[in-house]
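J.: Sending over data.txt (compact mmCIF, C-alpha atoms and all ligand atoms).
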```
# COMPACT_ATOMS: atom_id res chain seq x y z
CA VAL A 1 15.64 -19.62 16.55
CA ASP A 2 14.04 -21.28 19.57
CA LEU A 3 10.50 -19.95 19.88
CA GLU A 4 8.99 -20.04 23.34
CA ARG A 5 7.09 -16.79 23.40
CA ILE A 6 5.63 -14.62 20.62
CA GLY A 7 4.50 -11.09 21.43
CA VAL A 8 1.70 -9.39 19.54
CA HIS A 9 2.78 -5.74 19.88
CA GLU A 10 -0.03 -3.40 20.86
CA SER A 11 0.70 -1.21 17.80
CA VAL A 12 -1.17 -3.69 15.54
CA GLU A 13 -4.36 -2.12 16.91
CA ARG A 14 -3.97 0.40 14.09
CA VAL A 15 -5.23 -2.38 11.78
CA PHE A 16 -7.10 -4.89 14.00
CA PRO A 17 -7.66 -5.67 17.70
CA PRO A 18 -4.47 -7.38 19.01
CA ASP A 19 -6.60 -9.94 20.81
CA GLU A 20 -8.07 -11.22 17.52
CA LEU A 21 -4.58 -12.20 16.35
CA ARG A 22 -3.59 -13.54 19.79
CA SER A 23 -6.56 -15.90 19.89
CA TYR A 24 -6.14 -16.85 16.20
CA LEU A 25 -2.59 -18.05 17.02
CA GLN A 26 -3.23 -19.52 20.46
CA ASP A 27 -3.06 -23.13 19.25
CA LEU A 28 0.62 -22.66 18.27
CA PRO A 29 3.29 -24.33 20.41
CA PRO A 30 4.87 -21.00 21.52
CA ALA A 31 2.91 -18.89 24.01
CA VAL A 32 1.32 -15.85 22.34
CA ASP A 33 0.79 -12.68 24.44
CA ILE A 34 -0.13 -9.07 23.76
CA VAL A 35 2.89 -6.93 24.67
CA ASP A 36 3.90 -3.29 25.10
CA ASP A 37 7.41 -2.00 24.28
CA ALA A 38 9.01 -3.24 27.50
CA ALA A 39 7.38 -6.69 27.47
CA ALA A 40 8.37 -7.19 23.81
CA ALA A 41 12.03 -7.44 24.88
CA ASP A 42 11.19 -10.66 26.80
CA CYS A 43 9.79 -12.36 23.68
CA ASP A 44 11.63 -14.49 21.11
CA ALA A 45 9.51 -13.00 18.36
CA VAL A 46 7.26 -9.98 17.97
CA VAL A 47 4.44 -9.33 15.50
CA THR A 48 4.10 -5.59 14.96
CA ILE A 49 3.35 -2.63 12.73
CA ALA A 50 5.65 -0.15 14.54
CA TYR A 51 9.38 -0.42 15.11
CA ARG A 52 10.85 -0.13 18.65
CA GLU A 53 14.48 -0.44 19.77
CA GLN A 54 13.34 -2.99 22.36
CA PHE A 55 12.69 -5.43 19.49
CA LEU A 56 16.46 -5.76 18.95
CA ALA A 57 16.40 -8.19 21.90
CA CYS A 58 14.15 -10.58 19.90
CA ASP A 59 15.28 -13.16 17.34
CA TRP A 60 12.50 -12.46 14.86
CA ILE A 61 10.27 -9.48 13.98
CA HIS A 62 7.23 -9.96 11.76
CA SER A 63 5.75 -6.81 10.18
CA ILE A 64 2.01 -7.00 9.55
CA GLN A 65 2.60 -4.56 6.66
CA ALA A 66 4.28 -5.25 3.32
CA GLY A 67 6.27 -1.99 3.47
CA VAL A 68 9.22 -2.21 5.86
CA ASP A 69 10.82 1.15 5.02
CA ARG A 70 10.49 2.15 8.70
CA PHE A 71 12.74 -0.67 9.97
CA PRO A 72 16.52 -0.06 10.44
CA PHE A 73 17.91 -2.95 8.36
CA GLY A 74 21.52 -2.34 9.47
CA ASP A 75 20.70 -2.45 13.22
CA LEU A 76 18.66 -5.63 12.74
CA GLU A 77 21.52 -7.29 10.88
CA ASP A 78 24.03 -6.22 13.57
CA HIS A 79 21.83 -7.78 16.29
CA GLY A 80 21.11 -10.92 14.25
CA VAL A 81 17.37 -10.19 14.16
CA VAL A 82 15.36 -11.77 11.32
CA LEU A 83 12.73 -9.48 9.74
CA THR A 84 9.78 -10.84 7.74
CA ASN A 85 6.97 -8.84 6.12
CA SER A 86 3.38 -9.45 5.04
CA THR A 87 3.69 -9.06 1.29
CA GLY A 88 1.41 -11.41 -0.64
CA ILE A 89 -1.87 -10.71 1.17
CA HIS A 90 -2.91 -7.30 -0.21
CA ASP A 91 -3.62 -8.12 -3.85
CA ARG A 92 -7.42 -8.27 -3.68
CA THR A 93 -7.94 -5.50 -1.09
CA ILE A 94 -5.73 -2.97 -2.88
CA GLY A 95 -7.03 -4.12 -6.28
CA GLU A 96 -10.61 -3.41 -5.20
CA THR A 97 -9.67 -0.08 -3.58
CA VAL A 98 -7.98 1.06 -6.81
CA ALA A 99 -10.94 -0.16 -8.89
CA GLY A 100 -13.12 1.95 -6.58
CA TYR A 101 -11.01 5.06 -7.20
CA LEU A 102 -11.13 4.53 -10.98
CA LEU A 103 -14.88 3.94 -10.98
CA ALA A 104 -15.37 7.04 -8.81
CA PHE A 105 -13.42 9.22 -11.28
CA ALA A 106 -15.13 7.72 -14.34
CA ARG A 107 -18.67 7.79 -12.91
CA ARG A 108 -18.06 11.03 -10.90
CA LEU A 109 -19.04 9.36 -7.59
CA HIS A 110 -16.56 11.43 -5.54
CA ARG A 111 -18.29 14.62 -6.74
CA HIS A 112 -21.75 13.23 -5.98
CA VAL A 113 -20.67 12.35 -2.41
CA ALA A 114 -19.17 15.84 -1.97
CA ASN A 115 -22.36 17.47 -3.33
CA GLN A 116 -24.51 15.31 -1.08
CA GLN A 117 -22.73 16.76 1.98
CA GLU A 118 -23.93 20.18 0.75
CA ARG A 119 -27.48 18.89 -0.05
CA SER A 120 -26.73 20.10 -3.57
CA TRP A 121 -28.51 18.58 -6.63
CA ASN A 122 -25.64 19.27 -8.97
CA ARG A 123 -25.16 17.24 -12.17
CA PRO A 124 -21.78 16.91 -13.87
CA ALA A 125 -21.23 18.59 -17.23
CA TRP A 126 -22.29 16.41 -20.20
CA ASP A 127 -18.70 15.49 -21.08
CA GLU A 128 -17.32 14.71 -17.58
CA ALA A 129 -18.44 11.11 -17.10
CA PHE A 130 -16.86 8.23 -18.97
CA THR A 131 -16.60 4.43 -18.81
CA LEU A 132 -13.51 2.35 -18.12
CA PRO A 133 -13.29 -0.14 -21.04
CA GLY A 134 -10.68 1.04 -23.51
CA THR A 135 -8.86 3.24 -20.98
CA THR A 136 -5.27 2.38 -20.04
CA ALA A 137 -3.70 2.05 -16.60
CA CYS A 138 0.07 2.15 -16.17
CA VAL A 139 0.88 0.12 -13.05
CA VAL A 140 4.33 0.99 -11.66
CA GLY A 141 5.52 -2.13 -9.78
CA THR A 142 4.37 -5.62 -10.75
CA GLY A 143 4.54 -7.35 -7.35
CA THR A 144 1.60 -8.36 -5.15
CA LEU A 145 -0.12 -4.96 -5.32
CA GLY A 146 0.56 -4.47 -9.03
CA LYS A 147 -0.77 -7.93 -9.90
CA GLY A 148 -3.86 -7.43 -7.73
CA VAL A 149 -4.56 -4.11 -9.43
CA ALA A 150 -4.00 -5.65 -12.89
CA ASN A 151 -6.42 -8.45 -12.04
CA VAL A 152 -9.31 -6.41 -10.63
CA VAL A 153 -8.95 -3.30 -12.81
CA GLY A 154 -8.21 -5.45 -15.88
CA SER A 155 -11.51 -7.29 -15.32
CA LEU A 156 -13.29 -3.92 -15.75
CA GLY A 157 -11.96 -3.65 -19.30
CA VAL A 158 -8.95 -1.41 -18.59
CA ASP A 159 -5.80 -2.16 -20.62
CA ILE A 160 -2.93 -2.80 -18.23
CA VAL A 161 0.63 -1.63 -18.85
CA GLY A 162 3.21 -2.65 -16.23
CA VAL A 163 6.52 -1.09 -15.21
CA ARG A 164 9.20 -3.22 -13.55
CA ARG A 165 12.96 -3.21 -13.26
CA SER A 166 13.31 -5.52 -16.30
CA ALA A 167 11.00 -5.45 -19.33
CA ASP A 168 10.27 -9.21 -19.11
CA PRO A 169 6.55 -10.07 -19.50
CA VAL A 170 4.29 -10.67 -16.48
CA PRO A 171 0.97 -12.59 -16.70
CA GLY A 172 -2.02 -10.24 -16.44
CA PHE A 173 -0.16 -7.29 -18.01
CA ASP A 174 -0.80 -6.42 -21.67
CA GLU A 175 2.56 -4.69 -22.03
CA ILE A 176 5.66 -4.20 -19.86
CA TYR A 177 8.20 -1.35 -19.73
CA ALA A 178 11.46 -1.21 -17.75
CA THR A 179 11.64 1.46 -15.02
CA GLU A 180 14.21 3.41 -17.09
CA ASP A 181 11.46 3.87 -19.72
CA LEU A 182 8.93 5.19 -17.19
CA LEU A 183 8.36 8.41 -19.17
CA GLU A 184 7.33 6.45 -22.22
CA ALA A 185 5.16 4.11 -20.12
CA VAL A 186 3.09 6.89 -18.49
CA ALA A 187 2.71 9.09 -21.59
CA ASP A 188 -0.49 7.48 -22.97
CA ALA A 189 -2.06 6.27 -19.72
CA ASP A 190 -5.44 7.44 -18.41
CA PHE A 191 -4.36 6.27 -14.95
CA VAL A 192 -0.86 5.94 -13.46
CA ILE A 193 -0.95 3.64 -10.43
CA VAL A 194 2.02 3.48 -8.05
CA THR A 195 2.62 0.09 -6.38
CA VAL A 196 6.41 0.00 -5.72
CA PRO A 197 8.07 -0.17 -2.29
CA LEU A 198 9.78 3.00 -0.99
CA THR A 199 13.54 2.54 -1.44
CA ASP A 200 16.47 4.82 -2.32
CA ASP A 201 15.68 4.04 -6.00
CA THR A 202 11.97 4.85 -5.82
CA HIS A 203 12.05 8.01 -3.63
CA HIS A 204 10.24 10.71 -5.69
CA LEU A 205 10.14 8.33 -8.68
CA VAL A 206 7.01 10.23 -9.72
CA ASP A 207 8.36 13.78 -9.99
CA GLU A 208 7.60 16.95 -11.94
CA THR A 209 8.95 15.44 -15.19
CA ILE A 210 6.75 12.35 -14.95
CA LEU A 211 3.71 14.48 -14.11
CA GLU A 212 4.40 16.76 -17.08
CA THR A 213 4.70 13.76 -19.36
CA MET A 214 1.34 12.37 -18.22
CA ARG A 215 -1.80 13.31 -20.14
CA GLU A 216 -3.70 16.37 -18.95
CA ASP A 217 -6.78 14.24 -18.37
CA ALA A 218 -4.88 11.49 -16.50
CA TYR A 219 -5.22 10.60 -12.82
CA LEU A 220 -2.40 9.54 -10.49
CA VAL A 221 -3.11 6.81 -7.91
CA ASN A 222 -0.66 6.16 -5.04
CA VAL A 223 -1.31 3.12 -2.84
CA ALA A 224 2.39 2.41 -2.15
CA ARG A 225 4.21 4.93 0.07
CA GLY A 226 3.86 8.71 0.13
CA ALA A 227 7.47 9.57 -0.69
CA VAL A 228 7.47 7.57 -3.95
CA VAL A 229 5.61 10.62 -5.29
CA ASP A 230 6.91 14.21 -4.99
CA GLN A 231 3.79 15.40 -3.21
CA SER A 232 4.34 19.14 -3.67
CA ALA A 233 5.03 18.62 -7.40
CA LEU A 234 1.74 16.69 -7.54
CA ILE A 235 -0.19 19.48 -5.81
CA ASP A 236 1.32 21.98 -8.27
CA ALA A 237 0.46 19.76 -11.24
CA ILE A 238 -3.18 19.41 -10.16
CA GLU A 239 -3.50 23.14 -9.38
CA HIS A 240 -2.16 24.02 -12.86
CA ASN A 241 -4.21 21.36 -14.73
CA VAL A 242 -1.06 19.47 -15.74
CA VAL A 243 -2.90 16.31 -14.65
CA ALA A 244 -6.61 15.84 -13.88
CA GLY A 245 -6.38 14.64 -10.28
CA ALA A 246 -5.28 11.92 -7.91
CA ALA A 247 -6.40 9.20 -5.52
CA LEU A 248 -4.01 8.91 -2.59
CA ASP A 249 -3.96 6.38 0.25
CA VAL A 250 -0.44 7.30 1.40
CA PHE A 251 1.31 10.63 2.05
CA GLU A 252 4.74 12.05 2.76
CA THR A 253 3.45 12.96 6.26
CA GLU A 254 0.78 10.76 7.88
CA PRO A 255 -1.77 11.61 9.12
CA LEU A 256 -2.13 14.11 6.26
CA PRO A 257 -1.88 17.54 7.98
CA GLU A 258 -5.15 19.46 8.21
CA GLU A 259 -3.67 22.37 6.25
CA SER A 260 -2.77 20.23 3.20
CA PRO A 261 -4.43 21.56 0.02
CA LEU A 262 -5.09 17.94 -1.00
CA TRP A 263 -8.07 17.78 1.38
CA GLY A 264 -9.93 20.49 -0.51
CA MET A 265 -9.30 19.57 -4.14
CA ASP A 266 -12.34 18.52 -6.21
CA GLU A 267 -10.49 15.89 -8.24
CA VAL A 268 -8.52 14.38 -5.33
CA ILE A 269 -9.67 11.39 -3.30
CA VAL A 270 -7.91 11.13 0.07
CA THR A 271 -8.08 7.85 2.00
CA PRO A 272 -6.26 7.44 5.35
CA HIS A 273 -3.77 4.63 4.55
CA CYS A 274 -6.42 1.94 4.80
CA GLY A 275 -6.56 0.71 1.20
CA ALA A 276 -5.67 -2.82 2.33
CA PHE A 277 -8.05 -2.93 5.30
CA THR A 278 -10.33 -5.96 5.59
CA ARG A 279 -11.98 -7.67 8.54
CA ASP A 280 -9.87 -10.72 7.57
CA TYR A 281 -6.55 -8.87 7.97
CA PHE A 282 -5.58 -10.58 11.26
CA ARG A 283 -6.16 -13.99 9.66
CA ASP A 284 -4.17 -13.17 6.51
CA ALA A 285 -1.21 -11.81 8.51
CA GLY A 286 -1.61 -14.59 11.13
CA ASP A 287 -1.32 -17.28 8.45
CA ILE A 288 2.14 -15.94 7.51
CA VAL A 289 3.21 -16.01 11.18
CA ARG A 290 1.87 -19.58 11.58
CA GLU A 291 3.65 -20.74 8.42
CA ASN A 292 6.94 -19.26 9.64
CA VAL A 293 6.62 -20.75 13.13
CA GLU A 294 6.25 -24.14 11.44
CA ARG A 295 9.23 -23.47 9.17
CA LEU A 296 11.42 -22.37 12.07
CA GLU A 297 10.50 -25.52 14.00
CA SER A 298 11.61 -27.69 11.09
CA ASP A 299 14.70 -25.53 10.38
CA GLU A 300 13.42 -24.39 6.98
CA ALA A 301 14.06 -20.95 5.47
CA VAL A 302 11.35 -18.49 6.55
CA HIS A 303 8.79 -17.08 4.11
CA ASN A 304 8.87 -13.32 3.19
CA ARG A 305 12.28 -12.73 4.77
CA VAL A 306 13.58 -9.18 4.33
CA VAL A 307 16.59 -9.16 6.72
P1 LIG B 401 6.05 -6.80 -3.56
O1 LIG B 401 7.40 -7.03 -3.01
O2 LIG B 401 5.17 -7.97 -3.82
O3 LIG B 401 6.14 -5.98 -4.92
C1 LIG B 401 6.94 -4.85 -5.11
C2 LIG B 401 7.40 -4.85 -6.55
O4 LIG B 401 8.06 -3.62 -6.84
C3 LIG B 401 8.39 -5.97 -6.84
O5 LIG B 401 7.97 -6.64 -8.01
C4 LIG B 401 9.70 -5.23 -7.06
O6 LIG B 401 10.53 -5.88 -7.98
C5 LIG B 401 9.19 -3.92 -7.61
N1 LIG B 401 10.16 -2.83 -7.56
C6 LIG B 401 10.99 -2.47 -6.58
N2 LIG B 401 11.75 -1.42 -6.95
C7 LIG B 401 11.36 -1.10 -8.20
C8 LIG B 401 11.76 -0.10 -9.13
N3 LIG B 401 12.74 0.77 -8.84
N4 LIG B 401 11.14 -0.07 -10.34
C9 LIG B 401 10.16 -0.94 -10.64
N5 LIG B 401 9.76 -1.92 -9.81
C10 LIG B 401 10.35 -1.99 -8.61
O7 LIG B 401 5.35 -5.79 -2.55
P2 LIG B 401 3.78 -5.46 -2.49
O8 LIG B 401 3.13 -6.36 -1.51
O9 LIG B 401 3.24 -5.38 -3.85
O10 LIG B 401 3.82 -4.01 -1.83
C11 LIG B 401 4.47 -2.95 -2.49
C12 LIG B 401 4.52 -1.73 -1.58
O11 LIG B 401 3.21 -1.18 -1.45
C13 LIG B 401 4.96 -2.07 -0.16
O12 LIG B 401 6.36 -1.99 -0.04
C14 LIG B 401 4.25 -1.02 0.66
O13 LIG B 401 5.08 0.11 0.82
C15 LIG B 401 3.05 -0.65 -0.16
N6 LIG B 401 1.78 -1.17 0.40
C16 LIG B 401 0.81 -0.28 0.76
C17 LIG B 401 -0.38 -0.73 1.27
C18 LIG B 401 -1.47 0.23 1.69
O14 LIG B 401 -2.13 -0.01 2.68
N7 LIG B 401 -1.69 1.30 0.96
C19 LIG B 401 -0.61 -2.12 1.43
C20 LIG B 401 0.39 -3.02 1.02
C21 LIG B 401 1.58 -2.52 0.51
```
As structure tokens, what does this structure read like?
Ligand code: NAD
T.:
Amino acid sequence: VDLERIGVHESVERVFPPDELRSYLQDLPPAVDIVDDAAAADCDAVVTIAYREQFLACDWIHSIQAGVDRFPFGDLEDHGVVLTNSTGIHDRTIGETVAGYLLAFARRLHRHVANQQERSWNRPAWDEAFTLPGTTACVVGTGTLGKGVANVVGSLGVDIVGVRRSADPVPGFDEIYATEDLLEAVADADFVIVTVPLTDDTHHLVDETILETMREDAYLVNVARGAVVDQSALIDAIEHNVVAGAALDVFETEPLPEESPLWGMDEVIVTPHCGAFTRDYFRDAGDIVRENVERLESDEAVHNRVV
């Protein structure tokens, strides 16, 4: 790959101003410009959140997200396009977001915020609030997100059980189950936290059976991708008190449609796919781009390669 021009695709504005990344990378040897779909085709590389067919004319696509389920791997391979992602940077942001959800449920903060909107001085019942030490979180996926969640939530006194494809131990996790034993892993958890990528294997991994196996007072947290959870089974489970509630950053359809019952449920926290947001995002993603520009110049294998 001979890099003369890198395009920052305008779609990254969903997460940060494109110009912040452009100026952060302007000391690199290749020229760095903000590009639309058409101009992207004239670049050797493009940094983006969205996928466009025009990118097939580039040698390298860098996704500013970790999840690359939107990219057509087969087409990229056919056109000899390298795809890299931004896994590795979301451990602390997602860890803190999940800690926030858990603290909200335990200390009832989501209800206080809802009541405040109504100017209602409304205390929870005596037995609603609890504290986190001694509770158990089952973290499904022990990659960057899973480890970040284990670290931050573990520091609040929560016991951390991990689920991964093999049952080999992972530092920071008190216990590990293999994915085939998911039912057993979720059965005793106060919180089930989904942190796996969306693949053919993980589509609707959390289904009616998993929800029925969970404790009635347990909460589901999804910070991965909407379709890893069967969303209508989840709505049913919450409506019928099969589980206590959920905190969701990702949905099967985004933006979450206005008519979704999830918006109105007392024990559901909805956040608009921004659990990894931070004012440092352009620097964190930019550092991966910089590292890979340097690797490509010295003919080394690129970091975070997916295709
Ligand atoms: P990662 O590659 O570091 O970790 C993913 C882990 O899941 C890996 O350890 C992998 O082995 C494991 N895994 C894959 N399939 C599995 C299966 N069937 N059973 C058990 N484990 C399995 O990726 P990451 O950075 O931790 O991100 C994970 C996913 O979270 C991304 O793909 C993305 O979809 C999502 N994500 C969401 C946000 C957000 O804003 N909410 C931010 C970052 C990532």
J.: Here is a test: counting only C-alpha atoms and all ligand atoms, which residue of A:Val206, A:Ala301, A:Ala39, A:Val158 is nearest to ligand LIG 401 (chain B)?
T.: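 Result for the nearest residue to ligand LIG 401 (chain B): A:Val206.
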J.: Could you tell me how far atom CA of Asp207 of chain A sits from atom CA of Gly74 of chain A, in Å to one decimal place?
T.: 28.5 Å
J.: Find the distance between atom C2 of ligand LIG 401 (chain B) and atom CA of Ala276 of chain A and write it in Å to one decimal.
T.: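 Computed distance, atom C2 of ligand LIG 401 (chain B) to atom CA of Ala276 of chain A, equals 15.9 Å.
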J.: Considering all atoms listed in the file, return as a VMD selection string whatever protein or nucleic-acid residues lie within 12 Å of Asp174 of chain A, sequence-local ones (same chain, fewer than 5 positions apart) excluded.
T.: chain A and resid 136 to 139 147 150 to 151 154 157 to 163 168 to 169
J.: For ligand LIG 401 (chain B), take all atoms listed in the file, fit an axis-aligned box around them, add 3 Å to each of the six sides, then output centre and edge lengths in Å rounded to one decimal, as JSON.
T.:
```
{"center_x": 5.3, "center_y": -3.3, "center_z": -4.0, "size_x": 20.9, "size_y": 15.3, "size_z": 19.3}
```
J.: What's around Arg164 of chain A at 8 Å? Count all atoms listed in the file, leave out sequence neighbours fewer than 5 positions away in its own chain, and write the answer as a PyMOL selection string.
T.: chain A and resi 140-142+176-179
J.: Do you know which residues are at most 9 Å from Thr93 of chain A counting only C-alpha atoms, after dropping those on the same chain fewer than 6 positions away, and could you put them as a short mmCIF file (atom, residue, chain, number, x, y, z; two decimals) with C-alpha atoms, keeping the file's coordinate frame?
T.:
```
data_model
loop_
_atom_site.label_atom_id
_atom_site.label_comp_id
_atom_site.auth_asym_id
_atom_site.auth_seq_id
_atom_site.Cartn_x
_atom_site.Cartn_y
_atom_site.Cartn_z
CA LEU A 145 -0.12 -4.96 -5.32
CA GLY A 148 -3.86 -7.43 -7.73
CA GLY A 275 -6.56 0.71 1.20
CA ALA A 276 -5.67 -2.82 2.33
CA PHE A 277 -8.05 -2.93 5.30
CA THR A 278 -10.33 -5.96 5.59
#
```
J.: Residues contacting ligand LIG 401 (chain B) - anything with an atom at most 6 Å away, using only C-alpha atoms and all ligand atoms - can you give me those as a PDB file with C-alpha atoms, keeping the file's coordinate frame?
T.:
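Produced file result.pdb, reproduced below:
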```
ATOM      1  CA  ALA A  66       4.280  -5.250   3.320  1.00  0.00           C
ATOM      2  CA  GLY A  67       6.270  -1.990   3.470  1.00  0.00           C
ATOM      3  CA  THR A  87       3.690  -9.060   1.290  1.00  0.00           C
ATOM      4  CA  GLY A  88       1.410 -11.410  -0.640  1.00  0.00           C
ATOM      5  CA  HIS A  90      -2.910  -7.300  -0.210  1.00  0.00           C
ATOM      6  CA  GLY A 141       5.520  -2.130  -9.780  1.00  0.00           C
ATOM      7  CA  THR A 142       4.370  -5.620 -10.750  1.00  0.00           C
ATOM      8  CA  GLY A 143       4.540  -7.350  -7.350  1.00  0.00           C
ATOM      9  CA  THR A 144       1.600  -8.360  -5.150  1.00  0.00           C
ATOM     10  CA  LEU A 145      -0.120  -4.960  -5.320  1.00  0.00           C
ATOM     11  CA  GLY A 146       0.560  -4.470  -9.030  1.00  0.00           C
ATOM     12  CA  VAL A 163       6.520  -1.090 -15.210  1.00  0.00           C
ATOM     13  CA  ARG A 164       9.200  -3.220 -13.550  1.00  0.00           C
ATOM     14  CA  ARG A 165      12.960  -3.210 -13.260  1.00  0.00           C
ATOM     15  CA  THR A 179      11.640   1.460 -15.020  1.00  0.00           C
ATOM     16  CA  THR A 195       2.620   0.090  -6.380  1.00  0.00           C
ATOM     17  CA  VAL A 196       6.410   0.000  -5.720  1.00  0.00           C
ATOM     18  CA  PRO A 197       8.070  -0.170  -2.290  1.00  0.00           C
ATOM     19  CA  LEU A 198       9.780   3.000  -0.990  1.00  0.00           C
ATOM     20  CA  ASP A 201      15.680   4.040  -6.000  1.00  0.00           C
ATOM     21  CA  THR A 202      11.970   4.850  -5.820  1.00  0.00           C
ATOM     22  CA  VAL A 223      -1.310   3.120  -2.840  1.00  0.00           C
ATOM     23  CA  ALA A 224       2.390   2.410  -2.150  1.00  0.00           C
ATOM     24  CA  ARG A 225       4.210   4.930   0.070  1.00  0.00           C
ATOM     25  CA  ASP A 249      -3.960   6.380   0.250  1.00  0.00           C
ATOM     26  CA  HIS A 273      -3.770   4.630   4.550  1.00  0.00           C
ATOM     27  CA  CYS A 274      -6.420   1.940   4.800  1.00  0.00           C
ATOM     28  CA  GLY A 275      -6.560   0.710   1.200  1.00  0.00           C
ATOM     29  CA  ALA A 276      -5.670  -2.820   2.330  1.00  0.00           C
TER      30      ALA A 276
END
```
J.: Restricting the calculation to all atoms listed in the file: of A:Val186, A:Ala218, A:Ala57, A:Ala104, which residue gets closest to Ile238 of chain A?
T.: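 That would be A:Ala218, the residue with the smallest distance to Ile238 of chain A.
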J.: Can you tell me, as a PyMOL selection string, what residues are no more than 10 Å from Ile210 of chain A when counting only C-alpha atoms, ignoring any on the same chain fewer than 3 positions away?
T.: chain A and resi 182-187+205-207+213-214+229+233-234
J.: Go through A:Tyr51, A:Phe16, A:Tyr24, A:Phe251 one by one, measure the shortest atom-to-atom distance of each to Pro272 of chain A using only C-alpha atoms, and give the residue with the smallest value.
T.: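 Among A:Tyr51, A:Phe16, A:Tyr24, A:Phe251, it is A:Phe251 that comes nearest to Pro272 of chain A.
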J.: Quote the spacing between atom CA of Pro124 of chain A and atom CA of Gly95 of chain A in Å to one decimal place.
T.: 26.8 Å
J.: Show me, as a list of chain:residue names, the residues that have an atom within 10 Å of Glu77 of chain A when counting all atoms listed in the file, minus same-chain residues fewer than 5 positions from it.
T.: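 Counting all atoms listed in the file, the residues come to A:Leu56, A:Pro72, A:Val82, A:Leu83, A:Val307.
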J.: Could you check which of A:Pro17, A:Pro29, A:Gly7, A:Gly286 is closest to Ile61 of chain A, using all atoms listed in the file?
T.: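 Smallest distance to Ile61 of chain A is found for A:Gly7.
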J.: My list of candidates is A:Ala189, A:Ile235, A:Val98, A:Val68. Which is closest to Thr135 of chain A when distances are computed with all atoms listed in the file?
T.: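 Selected residue with least distance to Thr135 of chain A: A:Ala189.
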J.: Can you work out which one of A:Gly172, A:Gly245, A:Gly80, A:Gly226 has the shortest atom-to-atom distance to Ile269 of chain A, counting only C-alpha atoms?
T.: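 The answer is A:Gly245, which sits nearest to Ile269 of chain A.
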J.: Around the point (9.8, -21.9, 11.6), in the coordinates given by the file, pick out the residues reaching within 12 Å, counting all atoms listed in the file, and return them as a list in words.
T.: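 Those residues, ordered by chain and then number, are Val1, Asp2, Leu3, Glu4, Leu28, Pro29, Pro30, Ala45, Asp59, Trp60, Val82, Thr84, Ile288, Val289, Arg290, Glu291, Asn292, Val293, Glu294, Arg295, Leu296, Glu297, Ser298, Asp299, Glu300, Ala301, Val302, His303 and Arg305 of chain A.
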